[in-house]
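*Asks:* Contents of protein-v8.txt (compact mmCIF, C-alpha atoms) are given next:
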```txt
# COMPACT_ATOMS: atom_id res chain seq x y z
CA MET A 1 151.95 135.94 112.25
CA ASN A 2 151.59 138.60 109.58
CA ASN A 3 148.37 140.51 108.88
CA ASN A 4 147.57 138.62 105.64
CA LYS A 5 147.57 135.25 107.40
CA LEU A 6 145.49 136.62 110.24
CA VAL A 7 142.89 138.06 107.81
CA PHE A 8 142.79 134.75 105.91
CA ILE A 9 142.21 132.72 109.09
CA LEU A 10 139.47 135.13 110.23
CA MET A 11 137.74 134.83 106.84
CA ILE A 12 137.80 131.02 107.02
CA LEU A 13 136.39 131.08 110.57
CA LEU A 14 133.62 133.48 109.51
CA MET A 15 132.70 131.28 106.54
CA PHE A 16 132.37 128.17 108.69
CA SER A 17 130.50 129.95 111.45
CA SER A 18 127.95 131.32 108.95
CA CYS A 19 127.25 127.86 107.50
CA GLU A 20 124.11 126.67 109.20
CA THR A 21 123.11 123.06 108.81
CA LYS A 22 119.40 122.85 108.11
CA VAL A 23 117.36 120.11 109.70
CA ASP A 24 115.89 117.75 107.14
CA TYR A 25 112.45 117.26 108.66
CA GLY A 26 111.61 114.57 106.12
CA GLU A 27 114.49 112.40 107.35
CA ILE A 28 113.71 112.63 111.07
CA PRO A 29 112.89 109.16 112.44
CA LEU A 30 109.21 108.25 112.70
CA TYR A 31 109.77 107.20 116.32
CA SER A 32 111.31 109.37 119.03
CA SER A 33 113.92 108.18 121.50
CA ASN A 34 110.97 107.51 123.85
CA ASN A 35 109.53 105.17 121.19
CA ASN A 36 106.61 107.53 120.55
CA ILE A 37 105.43 108.44 117.05
CA GLN A 38 106.60 111.87 115.90
CA ALA A 39 104.76 114.35 113.68
CA VAL A 40 106.11 117.49 112.01
CA ILE A 41 103.73 120.45 112.03
CA GLU A 42 103.58 122.52 108.85
CA ILE A 43 100.37 124.49 109.47
CA PRO A 44 99.37 125.63 112.96
CA ALA A 45 95.72 125.32 113.96
CA GLY A 46 93.81 128.51 113.15
CA THR A 47 95.96 129.32 110.09
CA ASN A 48 94.60 129.98 106.59
CA LYS A 49 97.93 129.90 104.74
CA LYS A 50 98.84 126.58 103.09
CA ILE A 51 102.38 126.00 104.40
CA GLU A 52 104.36 123.02 103.14
CA TYR A 53 107.79 121.59 103.88
CA ASN A 54 110.02 121.82 100.80
CA LYS A 55 112.26 118.72 100.75
CA THR A 56 114.74 120.37 98.38
CA SER A 57 115.29 123.67 100.21
CA LYS A 58 114.64 122.05 103.61
CA ALA A 59 112.42 124.99 104.49
CA PHE A 60 108.77 125.59 105.30
CA GLU A 61 107.22 127.68 102.53
CA ILE A 62 103.79 129.03 101.67
CA ASP A 63 102.45 126.95 98.79
CA LYS A 64 101.96 128.89 95.56
CA LYS A 65 99.11 128.71 93.09
CA ASN A 66 99.38 130.70 89.85
CA GLY A 67 102.33 132.57 91.38
CA LYS A 68 100.35 133.70 94.44
CA ASP A 69 100.41 132.52 98.04
CA ARG A 70 97.84 129.80 98.53
CA VAL A 71 95.39 130.90 101.19
CA ILE A 72 92.47 128.71 102.23
CA ASP A 73 89.21 130.48 101.31
CA PHE A 74 87.29 128.77 104.07
CA LEU A 75 87.57 128.29 107.82
CA PRO A 76 91.18 128.09 109.03
CA TYR A 77 92.80 124.74 109.76
CA ILE A 78 90.87 123.06 112.56
CA GLY A 79 93.93 121.33 113.98
CA ASN A 80 97.69 121.37 113.57
CA TYR A 81 98.37 119.90 110.13
CA GLY A 82 101.56 118.24 109.05
CA PHE A 83 103.17 114.94 108.22
CA PHE A 84 104.84 111.88 109.66
CA PRO A 85 108.56 112.00 108.88
CA SER A 86 110.23 109.04 107.16
CA THR A 87 106.94 107.92 105.56
CA PHE A 88 105.91 107.76 101.91
CA SER A 89 102.51 107.32 100.27
CA ASN A 90 103.54 105.22 97.28
CA PRO A 91 102.04 106.37 93.93
CA ASP A 92 102.38 102.79 92.63
CA GLU A 93 99.77 101.86 95.25
CA GLY A 94 97.49 104.85 94.54
CA GLY A 95 99.22 107.25 96.97
CA ASP A 96 100.06 110.90 96.35
CA GLY A 97 103.86 110.56 96.61
CA ASP A 98 104.09 112.57 99.82
CA ALA A 99 104.59 111.69 103.45
CA ILE A 100 101.51 110.50 105.37
CA ASP A 101 99.41 113.45 106.56
CA VAL A 102 98.40 114.09 110.15
CA LEU A 103 95.88 116.35 111.85
CA VAL A 104 96.91 116.85 115.48
CA LEU A 105 94.00 117.92 117.67
CA SER A 106 95.56 120.30 120.19
CA GLU A 107 96.07 123.98 120.80
CA ASN A 108 98.06 125.57 118.05
CA VAL A 109 101.79 124.90 117.80
CA SER A 110 104.33 126.63 115.59
CA THR A 111 105.41 125.59 112.11
CA GLY A 112 108.41 123.27 112.38
CA THR A 113 107.41 121.81 115.74
CA ILE A 114 108.17 118.13 116.15
CA ILE A 115 105.53 116.67 118.43
CA GLU A 116 105.07 113.20 119.90
CA VAL A 117 101.57 111.96 119.11
CA LYS A 118 99.16 109.07 119.52
CA PRO A 119 97.09 108.20 116.42
CA ILE A 120 93.41 107.72 117.30
CA ALA A 121 91.78 107.41 113.85
CA ILE A 122 92.32 107.49 110.12
CA MET A 123 90.06 109.29 107.64
CA LYS A 124 90.19 107.56 104.26
CA LEU A 125 90.21 110.51 101.88
CA ILE A 126 90.50 110.17 98.11
CA ASP A 127 91.69 113.47 96.62
CA ASP A 128 91.51 113.77 92.83
CA GLY A 129 91.73 110.00 92.53
CA GLU A 130 94.76 109.62 94.83
CA LEU A 131 94.82 108.08 98.30
CA ASP A 132 95.34 111.00 100.67
CA TYR A 133 94.58 109.42 104.02
CA LYS A 134 94.56 111.71 107.05
CA ILE A 135 95.62 110.29 110.38
CA ILE A 136 93.95 112.01 113.32
CA ALA A 137 96.17 112.19 116.41
CA VAL A 138 96.41 113.69 119.87
CA PRO A 139 99.58 114.80 121.66
CA ILE A 140 101.27 112.35 124.03
CA ASP A 141 101.77 115.28 126.43
CA LYS A 142 98.51 115.42 128.41
CA LYS A 143 98.96 119.17 129.03
CA MET A 144 98.61 119.73 125.27
CA GLN A 145 95.49 117.59 124.84
CA ILE A 146 92.17 119.33 124.18
CA ILE A 147 90.03 116.20 123.83
CA LYS A 148 89.93 113.10 126.01
CA ALA A 149 90.15 110.34 123.41
CA ASN A 150 92.84 107.70 123.42
CA ASN A 151 91.42 105.51 120.65
CA TYR A 152 88.90 105.38 117.84
CA LEU A 153 86.05 104.12 120.01
CA GLU A 154 86.36 107.02 122.48
CA PHE A 155 86.77 109.48 119.59
CA SER A 156 83.65 108.17 117.81
CA GLU A 157 81.46 107.92 120.89
CA ASN A 158 82.47 111.15 122.65
CA TYR A 159 83.28 113.40 119.67
CA ALA A 160 80.93 112.35 116.86
CA GLU A 161 80.31 116.02 116.02
CA LEU A 162 84.05 116.64 115.76
CA LYS A 163 84.33 113.81 113.23
CA GLN A 164 81.58 115.50 111.20
CA ILE A 165 83.37 118.86 111.41
CA ILE A 166 86.62 117.28 110.18
CA GLU A 167 84.80 115.68 107.26
CA LEU A 168 83.02 118.92 106.34
CA TRP A 169 86.27 120.86 106.52
CA PHE A 170 88.14 118.50 104.21
CA TYR A 171 85.21 118.43 101.78
CA ASN A 172 85.10 122.23 101.55
CA TYR A 173 88.53 123.76 102.15
CA ASN A 174 89.74 123.29 98.57
CA LYS A 175 87.11 124.04 95.94
CA ASP A 176 89.47 123.00 93.09
CA ASP A 177 89.83 119.36 94.18
CA THR A 178 87.27 116.59 94.20
CA ALA A 179 87.44 114.90 97.58
CA VAL A 180 85.66 111.70 98.56
CA ILE A 181 85.73 110.23 102.05
CA LYS A 182 85.59 106.44 101.91
CA GLY A 183 85.05 106.12 105.64
CA TRP A 184 87.04 106.00 108.83
CA GLY A 185 89.35 103.50 110.46
CA SER A 186 90.59 102.78 113.94
CA GLU A 187 93.87 103.65 115.59
CA LEU A 188 95.06 100.15 114.61
CA GLU A 189 94.42 100.91 110.93
CA ALA A 190 96.26 104.22 111.35
CA LEU A 191 99.24 102.41 112.88
CA ASN A 192 99.19 99.82 110.09
CA GLU A 193 99.18 102.59 107.49
CA LEU A 194 102.23 104.15 109.15
CA LYS A 195 104.00 100.82 109.34
CA HIS A 196 103.24 100.07 105.69
CA SER A 197 104.41 103.55 104.59
CA SER A 198 107.52 103.92 106.76
CA LEU A 199 110.86 104.20 104.96
```
What's the structure tokens form of this structure?
*Replies:*
Amino acid sequence: MNNNKLVFILMILLMFSSCETKVDYGEIPLYSSNNNIQAVIEIPAGTNKKIEYNKTSKAFEIDKKNGKDRVIDFLPYIGNYGFFPSTFSNPDEGGDGDAIDVLVLSENVSTGTIIEVKPIAIMKLIDDGELDYKIIAVPIDKKMQIIKANNYLEFSENYAELKQIIELWFYNYNKDDTAVIKGWGSELEALNELKHSSL
């Protein structure tokens, strides 16, 4: 084999080895192989930067406002914030056109983590006139759990103050939006919302 052919083959091999297939987090199934609900974490607990998954670039990026990184001018995120993959909040039904949001109550986990969760409540938030419901969840993995609530009743009875903190946080973290909380729903309502919104 002459040198030109060898160089050509090496170039082709290098090109293919440098092509990295990006995971499309929006297309991951809602249910894991264990039949547990999966959530994708965008913003770790304790973070002030507003990180969002960009469906086009398939990358997690800091949201921009007026050309600057969007940083929450309030307390940091009180849980791990993200979305349920393969869901869609339909604008024709008053939704915001995004995947269904989730707040996972656990110690902080990294951006891009896919975590199996159990929904325990749904907070019915209206954000600038759009339905922007927030499903509250806990990890399936007991070692990651920081509260002992498996359903809405346990959450409401044992962590009433935490519910108030979550409400206060969502009312105050974004001064530019008008948020209204229309109440709370049970884990069954959260599951129905996911079922209704799944693609």
*Asks:* Go through A:Asn192, A:Asn158, A:Ser33, A:Thr111 and flag the residue nearest Ile62 in chain A, using only C-alpha atoms for the distances.
*Replies:* A:Thr111
*Asks:* Return the single residue from A:Ile115, A:Leu105, A:Leu75, A:Ile181 that is closest to Asn36 in chain A, with distances computed using all atoms listed in the file.
*Replies:*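 Of A:Ile115, A:Leu105, A:Leu75, A:Ile181, the one nearest Asn36 in chain A, counting all atoms listed in the file, is A:Ile115.
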*Asks:* Have a look at A:Val102, A:Leu30, A:Val23, A:Ala45 and name the one nearest to Pro76 in chain A; count only C-alpha atoms.
*Replies:*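 Selected residue with least distance to Pro76 in chain A: A:Ala45.
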*Asks:* Contacts of range 122-135 of chain A at 7 Å or less, counting all atoms listed in the file, minus same-chain residues fewer than 5 places along, as an mmCIF file with C-alpha atoms, keeping the file's coordinate frame?
*Replies:*
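In the end it all went to result_4.cif:
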```cif
data_model
loop_
_atom_site.group_PDB
_atom_site.id
_atom_site.type_symbol
_atom_site.label_atom_id
_atom_site.label_comp_id
_atom_site.auth_asym_id
_atom_site.auth_seq_id
_atom_site.Cartn_x
_atom_site.Cartn_y
_atom_site.Cartn_z
ATOM 1 C CA GLY A 94 97.490 104.850 94.540
ATOM 2 C CA GLY A 95 99.220 107.250 96.970
ATOM 3 C CA ASP A 96 100.060 110.900 96.350
ATOM 4 C CA ASP A 101 99.410 113.450 106.560
ATOM 5 C CA VAL A 102 98.400 114.090 110.150
ATOM 6 C CA LEU A 103 95.880 116.350 111.850
ATOM 7 C CA ASP A 177 89.830 119.360 94.180
ATOM 8 C CA THR A 178 87.270 116.590 94.200
ATOM 9 C CA ALA A 179 87.440 114.900 97.580
ATOM 10 C CA VAL A 180 85.660 111.700 98.560
ATOM 11 C CA ILE A 181 85.730 110.230 102.050
ATOM 12 C CA LYS A 182 85.590 106.440 101.910
ATOM 13 C CA GLY A 183 85.050 106.120 105.640
ATOM 14 C CA TRP A 184 87.040 106.000 108.830
ATOM 15 C CA GLY A 185 89.350 103.500 110.460
ATOM 16 C CA SER A 186 90.590 102.780 113.940
ATOM 17 C CA GLU A 187 93.870 103.650 115.590
ATOM 18 C CA GLU A 189 94.420 100.910 110.930
ATOM 19 C CA ALA A 190 96.260 104.220 111.350
#
```
*Asks:* Considering all atoms listed in the file, give me a table of residues in range 96-133 of chain A that are at most 12 Å from range 37-44 of chain A, with the closest atom pair and distance in Å for each, as a tab-separated table.
*Replies:*
```
residue	atom	partner	partner_atom	distance
A:Ala99	CA	A:Val40	CA	10.5
A:Ile100	CA	A:Ala39	CA	9.7
A:Asp101	CA	A:Ala39	CA	9.0
A:Val102	CA	A:Ala39	CA	7.3
A:Leu103	CA	A:Ile41	CA	8.9
A:Val104	CA	A:Ala39	CA	8.4
A:Leu105	CA	A:Pro44	CA	10.5
A:Ser106	CA	A:Pro44	CA	9.8
A:Glu107	CA	A:Pro44	CA	8.7
A:Asn108	CA	A:Pro44	CA	5.3
A:Val109	CA	A:Pro44	CA	5.5
A:Ser110	CA	A:Pro44	CA	5.7
A:Thr111	CA	A:Glu42	CA	4.8
A:Gly112	CA	A:Ile41	CA	5.5
A:Thr113	CA	A:Ile41	CA	5.4
A:Ile114	CA	A:Val40	CA	4.7
A:Ile115	CA	A:Ala39	CA	5.3
A:Glu116	CA	A:Gln38	CA	4.5
A:Val117	CA	A:Ile37	CA	5.6
A:Lys118	CA	A:Ile37	CA	6.8
A:Pro119	CA	A:Ile37	CA	8.4
```
*Asks:* When you count all atoms listed in the file, which of these residues is closest to Glu52 in chain A: A:Glu193, A:Ser32, A:Asp24, A:Phe83?
*Replies:*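 Ranked by minimum distance to Glu52 in chain A, first place goes to A:Phe83.
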*Asks:* Do you have the CA of Asn54 in chain A-CA of Gln145 in chain A distance handy?
*Replies:* 28.4 Å
*Asks:* Go through A:Lys58, A:Ala121, A:Asp176, A:Asn34 and flag the residue nearest Asn150 in chain A, using all atoms listed in the file for the distances.
*Replies:* A:Ala121
*Asks:* Using the file's own x, y and z axes, what box holds all listed atoms of range 177-188 of chain A with 5 Å on each side, keeping edges along x, y and z, and what are its centre and edge lengths in Å to one decimal, as lines of an AutoDock Vina configuration file?
*Replies:*
```
center_x = 90.1
center_y = 109.8
center_z = 104.9
size_x = 20.0
size_y = 29.2
size_z = 31.4
```
*Asks:* In terms of the shortest atom-to-atom distance over only C-alpha atoms, which of A:Thr56, A:Asn66, A:Asn172, A:Asn151 is closest to Leu188 in chain A?
*Replies:* A:Asn151
*Asks:* Would you mind reading off the distance between CA of Ala137 in chain A and CA of Asn48 in chain A, one decimal, in Å?
*Replies:*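 These atoms are spaced 20.4 Å apart.
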*Asks:* Could you tell me how far CA of Phe84 in chain A lies from CA of Phe155 in chain A, in Å and to one decimal?
*Replies:*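 Those two atoms sit 20.8 Å apart.
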